[in-house]
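Structure record follows, encoded as structure tokens.
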Amino acid sequence: MIKKPRVRFAPSPTGELHVGNARTALFNWMFARHHNGKFILRIEDTDEARSELSYQIGLYDDLKWLGLNWDEGPEENCPYGPYRQSERLPIYKDYLEKLISKGLVYPCYCTEEELEGERRELILSKRMPRYMGKCRNLTKVEKTRLEAQGRNPAFRFKILPQVIEYEDLIRGKVKFESDNIGDFIIVRSNGMPAYNFSVVVDDYLMKISHVIRGEDHLSNTALQLVLYKALGLTPPFFAHHSLILGKDRAKLSKRHGSVSISEFRRRGIMPEALINYLALLGSSFKGGKEILSREEMIREFSLEKASKSGAVFDDDKLLWINANYIRKATSRDLIKDLAPFLHDAGYRMEEIDSDWLEEIINIVKDEMNSLADINSHIEIFFPDKLKMTVEAKELLAKDSSKIIIRYLKEYIAFNDDEPRKLYINAIKHLKEKTRLKNREILMPIRAALTGKTKGPELEEVFKVMGRSIALELLQRIAD
Ligand code: GLU
């Protein structure tokens with residue numbers, strides 16, 4: 001039994017939250033909730049050129065939208081703050097000094113061009129590209145001379161020959177040879193800490209017990225372990241989960257389709273559905289269950305579930321799960337979720353009666369895979385918005401359809417019962433008059449009233465639509 005773990009999600013605000021990172025956040029969150037621990041949000045914004053405040057704000061929004069609430073983070077009054085790395089610079093400076101005083105770090109004056117030249121040479125001679133230690137043994141005089149040229153040093157950590165080994169909670173024993181690792185930068189020439197350094201200092205000071213992240217960080221873990229050792233600190237447990245792949249088994253990226261949380265949101269995916277899908281991806285739950293509540297996900301979560309091999313992202317499956325959540329939601333709750341989509345499609349929410357809207361949603365929600373689908377369904381109740389499909393137009397162009405529509409229009413114009421009764425009587429009347437079969441009558445009526453050849457039960461549609469909208473639509477067909 002793991003005792004109250006402290007885990008963290010540590011995004012860099014250099015872009016929109018990627019679904020792969022959201023999955024990492026979810027794993028950490030589920031782990032914390034399962035073991036009754038703490039889920040911490042830390043903002044890794046030391047790359048000044050690429051970090052943007054708008055991305056940071058987007059991150060908070062996306063995490064809140066997904067319902068991944070954090071226990072400690074950049075807001076006031078959290079015990080191990082600040083939680084934004086840009087506000088922790090003096091702390092890194094102290095730790096740099098500690099390492100310098102131990103003789104484990106040295107200033108490096110190499111320029112970008114010099115480093116690039118070294119890299120190229122190593123690649124050409126078929127050797128592993130890494131820093132070969134040019135500045136490792138500079139004399140005081142040499143250092144002064146380089147500084148006089150206006151060069152600001154970066155600080156490199158001295159890698160000594162060793163085997164780095166640890167037990168990954170997902171992947172088992174992991175081993176690295178230090179021969180393949182060059183002395184690495186821990187503080188850049190602009191004074192900002194490099195990721196591998198700040199992450200060690202922060203994970204230690206924030207008392208992180210388990211680091212759960214994507215396997216793309218495996219090689220960083222080697223460097224981080226070396227730093228823990230150098231600082232005389234006990235490292236946390238590490239667990240590296242597999243990454244999300246596209247259908248071609250390459251790491252999921254923009255060319256595969258939607259990848260950022262905000263894109264899924266814009267496409268009308270519900271947060272519960274996305275969370276459910278991400279928890280399921282590359283994993284399986286008791287009894288093959290695929291639709292799970294948060295409580296079930298938390299209860300059943302284990303690191304072993306985050307499988308070792310990559311998981312292929314399946315958009316159809318996500319839509320299927322989304323459709324399930326739409327169907328399950330009450331229409332009253334859905335109104336709130338649908339409002340932005342309706343607004344964008346030009347509907348004025350304040351002018352639509354909410355009871356009527358609820359009735360509409362009741363009959364169309366089973367047909368929807370995403371919230372954005374509402375627009376193609378709701379338009380049947382708004383004659384100004386209705387668009388006819390080609391199939392519907394073709395069907396209505398037939399002489400038999402024209403007759404049916406004319407009779408229907410006449411019947412409705414001269415009868416004024418409540419909608420359901422009116423509909424049932426109208427169909428009865430049409431059957432008697434035309435001697436056609438139910439289907440032959442209903443198809444053109446559906447096309448006329450909904451602009452489509454498929455859709456929800458026509459009687460339900462008519463009931464919600466009411467007599468006057470139906471008449472308006474039929475009149476328009478007849479014109
Ligand atoms: N800032 C890093 C990233 O966004 C965090 C990696 C880690 O979890 O250590 O990839």
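Residues in the structure tokens are numbered from 1 in each chain, the chains being A, B, ... in the order shown, and ligands are numbered from 1 in the order shown.
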Worksheet entry | Distance query A:Tyr347 at most 12 Å, only C-alpha atoms, self and fewer than 4 positions along chain excluded, as a list in words |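 Selected residues are Leu338, Ala339, Pro340, Phe341, Leu342, His343, Glu351, Ile352, Asp353, Leu357, Ile374, Asn375, Ile378, Glu379, Phe381, Phe382, Asp384 and Lys385 of chain A.
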Write the residues you've just listed into a file as a short mmCIF file (atom, residue, chain, number, x, y, z; two decimals), in the first residue's frame, and include all heavy atoms for each of them.
data_model
loop_
_atom_site.label_atom_id
_atom_site.label_comp_id
_atom_site.auth_asym_id
_atom_site.auth_seq_id
_atom_site.Cartn_x
_atom_site.Cartn_y
_atom_site.Cartn_z
N LEU A 338 -24.54 22.81 -24.61
CA LEU A 338 -24.80 23.08 -26.03
C LEU A 338 -24.83 24.57 -26.35
O LEU A 338 -24.66 24.96 -27.50
CB LEU A 338 -26.15 22.46 -26.43
CG LEU A 338 -26.17 20.94 -26.47
CD1 LEU A 338 -27.60 20.43 -26.59
CD2 LEU A 338 -25.34 20.40 -27.64
N ALA A 339 -25.04 25.38 -25.31
CA ALA A 339 -25.22 26.82 -25.54
C ALA A 339 -24.14 27.45 -26.42
O ALA A 339 -24.47 28.14 -27.39
CB ALA A 339 -25.34 27.55 -24.20
N PRO A 340 -22.84 27.19 -26.17
CA PRO A 340 -21.84 27.84 -27.02
C PRO A 340 -21.93 27.40 -28.49
O PRO A 340 -21.68 28.21 -29.39
CB PRO A 340 -20.49 27.41 -26.43
CG PRO A 340 -20.78 26.51 -25.29
CD PRO A 340 -22.24 26.45 -25.06
N PHE A 341 -22.32 26.17 -28.71
CA PHE A 341 -22.42 25.68 -30.10
C PHE A 341 -23.61 26.34 -30.80
O PHE A 341 -23.53 26.72 -31.96
CB PHE A 341 -22.56 24.15 -30.11
CG PHE A 341 -21.32 23.48 -29.60
CD1 PHE A 341 -21.18 23.17 -28.26
CD2 PHE A 341 -20.27 23.20 -30.46
CE1 PHE A 341 -20.03 22.59 -27.78
CE2 PHE A 341 -19.10 22.62 -29.99
CZ PHE A 341 -18.98 22.32 -28.64
N LEU A 342 -24.70 26.47 -30.06
CA LEU A 342 -25.89 27.10 -30.64
C LEU A 342 -25.61 28.59 -30.90
O LEU A 342 -25.96 29.12 -31.95
CB LEU A 342 -27.07 26.93 -29.69
CG LEU A 342 -27.54 25.48 -29.56
CD1 LEU A 342 -28.54 25.32 -28.44
CD2 LEU A 342 -28.14 25.00 -30.87
N HIS A 343 -24.94 29.19 -29.97
CA HIS A 343 -24.61 30.60 -30.11
C HIS A 343 -23.76 30.81 -31.36
O HIS A 343 -24.02 31.69 -32.17
CB HIS A 343 -23.89 31.08 -28.84
CG HIS A 343 -23.47 32.50 -28.91
ND1 HIS A 343 -22.23 32.87 -29.35
CD2 HIS A 343 -24.15 33.64 -28.65
CE1 HIS A 343 -22.15 34.18 -29.33
NE2 HIS A 343 -23.30 34.67 -28.91
N GLU A 351 -33.80 33.96 -26.82
CA GLU A 351 -35.11 34.01 -27.50
C GLU A 351 -35.75 32.63 -27.64
O GLU A 351 -36.84 32.50 -28.17
CB GLU A 351 -34.94 34.64 -28.89
CG GLU A 351 -34.68 36.13 -28.81
CD GLU A 351 -34.29 36.73 -30.14
OE1 GLU A 351 -34.40 36.03 -31.18
OE2 GLU A 351 -33.88 37.90 -30.14
N ILE A 352 -35.02 31.60 -27.22
CA ILE A 352 -35.58 30.24 -27.36
C ILE A 352 -36.12 29.79 -26.01
O ILE A 352 -35.40 29.85 -25.00
CB ILE A 352 -34.51 29.24 -27.85
CG1 ILE A 352 -33.85 29.76 -29.13
CG2 ILE A 352 -35.12 27.86 -28.08
CD1 ILE A 352 -32.71 28.91 -29.63
N ASP A 353 -37.36 29.35 -26.00
CA ASP A 353 -37.97 28.87 -24.77
C ASP A 353 -37.23 27.63 -24.27
O ASP A 353 -37.04 26.66 -25.02
CB ASP A 353 -39.44 28.55 -25.06
CG ASP A 353 -40.13 28.00 -23.83
OD1 ASP A 353 -40.42 28.79 -22.94
OD2 ASP A 353 -40.32 26.76 -23.77
N LEU A 357 -36.72 23.91 -25.90
CA LEU A 357 -35.38 23.44 -26.28
C LEU A 357 -35.10 22.07 -25.64
O LEU A 357 -34.52 21.18 -26.27
CB LEU A 357 -34.34 24.47 -25.82
CG LEU A 357 -32.91 24.25 -26.28
CD1 LEU A 357 -32.83 24.12 -27.79
CD2 LEU A 357 -32.01 25.39 -25.80
N ILE A 374 -25.40 19.23 -32.77
CA ILE A 374 -26.71 19.82 -32.46
C ILE A 374 -27.19 20.70 -33.61
O ILE A 374 -28.37 20.73 -33.93
CB ILE A 374 -26.69 20.62 -31.13
CG1 ILE A 374 -28.10 21.08 -30.72
CG2 ILE A 374 -25.76 21.81 -31.19
CD1 ILE A 374 -29.06 19.99 -30.41
N ASN A 375 -26.24 21.39 -34.26
CA ASN A 375 -26.66 22.34 -35.29
C ASN A 375 -27.39 21.68 -36.45
O ASN A 375 -28.36 22.22 -36.96
CB ASN A 375 -25.47 23.15 -35.78
CG ASN A 375 -24.92 24.00 -34.65
OD1 ASN A 375 -25.68 24.37 -33.75
ND2 ASN A 375 -23.63 24.26 -34.65
N ILE A 378 -30.92 20.61 -34.82
CA ILE A 378 -31.87 21.60 -34.30
C ILE A 378 -32.47 22.43 -35.44
O ILE A 378 -33.57 22.95 -35.32
CB ILE A 378 -31.20 22.50 -33.23
CG1 ILE A 378 -32.28 23.17 -32.39
CG2 ILE A 378 -30.24 23.48 -33.83
CD1 ILE A 378 -31.74 23.93 -31.22
N GLU A 379 -31.75 22.51 -36.54
CA GLU A 379 -32.22 23.39 -37.62
C GLU A 379 -33.59 22.99 -38.13
O GLU A 379 -34.31 23.83 -38.67
CB GLU A 379 -31.20 23.41 -38.77
CG GLU A 379 -31.00 22.06 -39.40
CD GLU A 379 -30.08 22.08 -40.62
OE1 GLU A 379 -29.22 22.96 -40.68
OE2 GLU A 379 -30.25 21.21 -41.49
N PHE A 381 -36.11 22.64 -36.57
CA PHE A 381 -37.16 23.36 -35.84
C PHE A 381 -37.11 24.87 -36.09
O PHE A 381 -37.83 25.64 -35.50
CB PHE A 381 -37.04 23.07 -34.33
CG PHE A 381 -37.16 21.60 -34.05
CD1 PHE A 381 -36.04 20.81 -33.87
CD2 PHE A 381 -38.42 21.00 -34.02
CE1 PHE A 381 -36.16 19.44 -33.65
CE2 PHE A 381 -38.55 19.64 -33.80
CZ PHE A 381 -37.42 18.85 -33.62
N PHE A 382 -36.19 25.26 -36.96
CA PHE A 382 -36.03 26.68 -37.27
C PHE A 382 -36.05 26.85 -38.79
O PHE A 382 -35.00 26.74 -39.43
CB PHE A 382 -34.73 27.22 -36.68
CG PHE A 382 -34.73 27.24 -35.17
CD1 PHE A 382 -34.45 26.09 -34.45
CD2 PHE A 382 -35.07 28.40 -34.49
CE1 PHE A 382 -34.48 26.09 -33.06
CE2 PHE A 382 -35.10 28.41 -33.09
CZ PHE A 382 -34.82 27.26 -32.38
N ASP A 384 -35.88 29.10 -40.87
CA ASP A 384 -34.89 29.97 -41.53
C ASP A 384 -33.54 29.30 -41.67
O ASP A 384 -32.72 29.69 -42.48
CB ASP A 384 -34.59 31.22 -40.68
CG ASP A 384 -35.82 32.00 -40.41
OD1 ASP A 384 -36.81 31.71 -41.09
OD2 ASP A 384 -35.76 32.86 -39.51
N LYS A 385 -33.29 28.34 -40.82
CA LYS A 385 -31.95 27.72 -40.81
C LYS A 385 -31.91 26.42 -41.59
O LYS A 385 -30.84 25.90 -41.89
CB LYS A 385 -31.54 27.39 -39.36
CG LYS A 385 -31.54 28.57 -38.44
CD LYS A 385 -30.14 29.00 -38.17
CE LYS A 385 -30.14 30.11 -37.15
NZ LYS A 385 -29.00 30.97 -37.26
#
Worksheet item: Residues at most 7 Å from ligand 1, using only C-alpha atoms and all ligand atoms? Could they come as a PyMOL selection string?
Response: chain A and resi 9-12+44+199+211-213+217
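Residues in contact with stretch 22-28 of chain A at 8 Å, where only C-alpha atoms are counted and same-chain residues fewer than 3 positions away are skipped, are listed as Val7, Arg8, Phe9, Leu17, His18, Val19, Phe31, Ala32, Phe39, Leu63, Leu68, Ile212, Arg213, Gly214, Ile261, Ile275, Leu278 and Ala279 of chain A.
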Worksheet entry | DSSP helix (DSSP H, G or I) residues within stretch 260-421 of chain A, listed as number ranges by chain | A: 261-266, 271-280, 286-288, 294-300, 303-305, 315-328, 331-344, 349-351, 354-367, 371-381, 390-396, 399-414, 419-421
Item to complete: Report the distance between atom CA of A:Asn137 and atom CA of A:Asp47 in Å, rounded to one decimal place.
Response: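 Interatomic distance, atom CA of A:Asn137 to atom CA of A:Asp47: 28.7 Å.
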Practice prompt. Find the distance between atom CA of A:Ser401 and atom CA of A:Arg439 and write it in Å to one decimal.
Written response: 11.9 Å
Practice prompt. Enumerate the residues of stretch 159-392 of chain A with a DSSP assignment of strand (DSSP E), computed from the backbone, and present them as an NGL selection string.
Written response: :A and (163-168 or 172-177 or 184-187 or 210-214 or 237-241 or 244-245 or 311-312)
Grab the residues selected above and save them as a compact mmCIF listing (two decimals), in the first residue's frame with N, CA and C atoms.
# COMPACT_ATOMS: atom_id res chain seq x y z
N VAL A 163 27.38 3.35 -14.03
CA VAL A 163 26.17 2.75 -14.61
C VAL A 163 25.01 3.32 -13.81
N ILE A 164 24.01 3.81 -14.53
CA ILE A 164 22.85 4.39 -13.82
C ILE A 164 21.71 3.40 -13.95
N GLU A 165 21.18 2.99 -12.81
CA GLU A 165 20.16 1.95 -12.83
C GLU A 165 19.02 2.33 -11.91
N TYR A 166 17.82 2.00 -12.30
CA TYR A 166 16.71 2.20 -11.36
C TYR A 166 15.57 1.26 -11.74
N GLU A 167 14.61 1.13 -10.86
CA GLU A 167 13.47 0.25 -11.06
C GLU A 167 12.26 1.11 -11.43
N ASP A 168 11.88 1.06 -12.69
CA ASP A 168 10.72 1.87 -13.12
C ASP A 168 9.45 1.13 -12.73
N GLY A 172 9.95 -1.71 -15.24
CA GLY A 172 10.90 -2.62 -14.59
C GLY A 172 12.29 -2.01 -14.56
N LYS A 173 13.32 -2.89 -14.58
CA LYS A 173 14.69 -2.41 -14.45
C LYS A 173 15.11 -1.59 -15.67
N VAL A 174 15.66 -0.41 -15.43
CA VAL A 174 16.15 0.43 -16.53
C VAL A 174 17.61 0.77 -16.23
N LYS A 175 18.42 0.71 -17.29
CA LYS A 175 19.86 0.87 -17.08
C LYS A 175 20.43 1.81 -18.15
N PHE A 176 21.30 2.70 -17.76
CA PHE A 176 21.97 3.60 -18.72
C PHE A 176 23.48 3.54 -18.46
N GLU A 177 24.24 3.65 -19.54
CA GLU A 177 25.70 3.71 -19.42
C GLU A 177 26.10 5.17 -19.51
N PHE A 184 26.36 17.68 -19.10
CA PHE A 184 25.17 18.40 -19.57
C PHE A 184 24.97 19.73 -18.84
N ILE A 185 24.30 20.62 -19.54
CA ILE A 185 24.08 21.98 -19.01
C ILE A 185 23.02 21.93 -17.92
N ILE A 186 23.30 22.55 -16.79
CA ILE A 186 22.26 22.65 -15.77
C ILE A 186 21.78 24.10 -15.60
N VAL A 187 22.66 25.04 -15.94
CA VAL A 187 22.21 26.44 -15.97
C VAL A 187 22.72 27.05 -17.27
N HIS A 210 6.40 10.30 -6.27
CA HIS A 210 6.34 9.51 -7.50
C HIS A 210 6.32 10.44 -8.71
N VAL A 211 7.21 10.21 -9.65
CA VAL A 211 7.20 10.99 -10.88
C VAL A 211 6.60 10.08 -11.96
N ILE A 212 5.41 10.48 -12.43
CA ILE A 212 4.74 9.68 -13.46
C ILE A 212 4.70 10.54 -14.71
N ARG A 213 5.33 10.09 -15.78
CA ARG A 213 5.37 10.90 -17.00
C ARG A 213 5.59 10.01 -18.20
N GLY A 214 5.59 10.61 -19.39
CA GLY A 214 5.70 9.85 -20.64
C GLY A 214 7.10 9.28 -20.82
N PHE A 237 10.22 7.74 -6.75
CA PHE A 237 9.99 6.60 -7.65
C PHE A 237 9.64 7.18 -9.02
N PHE A 238 10.03 6.43 -10.06
CA PHE A 238 9.71 6.89 -11.41
C PHE A 238 8.82 5.88 -12.11
N ALA A 239 7.88 6.38 -12.90
CA ALA A 239 7.03 5.51 -13.72
C ALA A 239 6.87 6.20 -15.07
N HIS A 240 7.31 5.53 -16.13
CA HIS A 240 7.21 6.13 -17.47
C HIS A 240 6.18 5.37 -18.29
N HIS A 241 5.09 6.06 -18.58
CA HIS A 241 4.02 5.39 -19.34
C HIS A 241 4.26 5.53 -20.84
N ILE A 244 0.85 8.17 -26.65
CA ILE A 244 -0.28 7.96 -27.56
C ILE A 244 0.26 8.00 -28.99
N LEU A 245 -0.16 7.04 -29.79
CA LEU A 245 0.32 6.97 -31.17
C LEU A 245 -0.84 7.25 -32.14
N ALA A 311 -0.20 3.30 -27.25
CA ALA A 311 -1.63 3.10 -27.46
C ALA A 311 -2.09 3.94 -28.65
N VAL A 312 -2.78 3.31 -29.59
CA VAL A 312 -3.19 4.03 -30.81
C VAL A 312 -4.49 4.81 -30.55
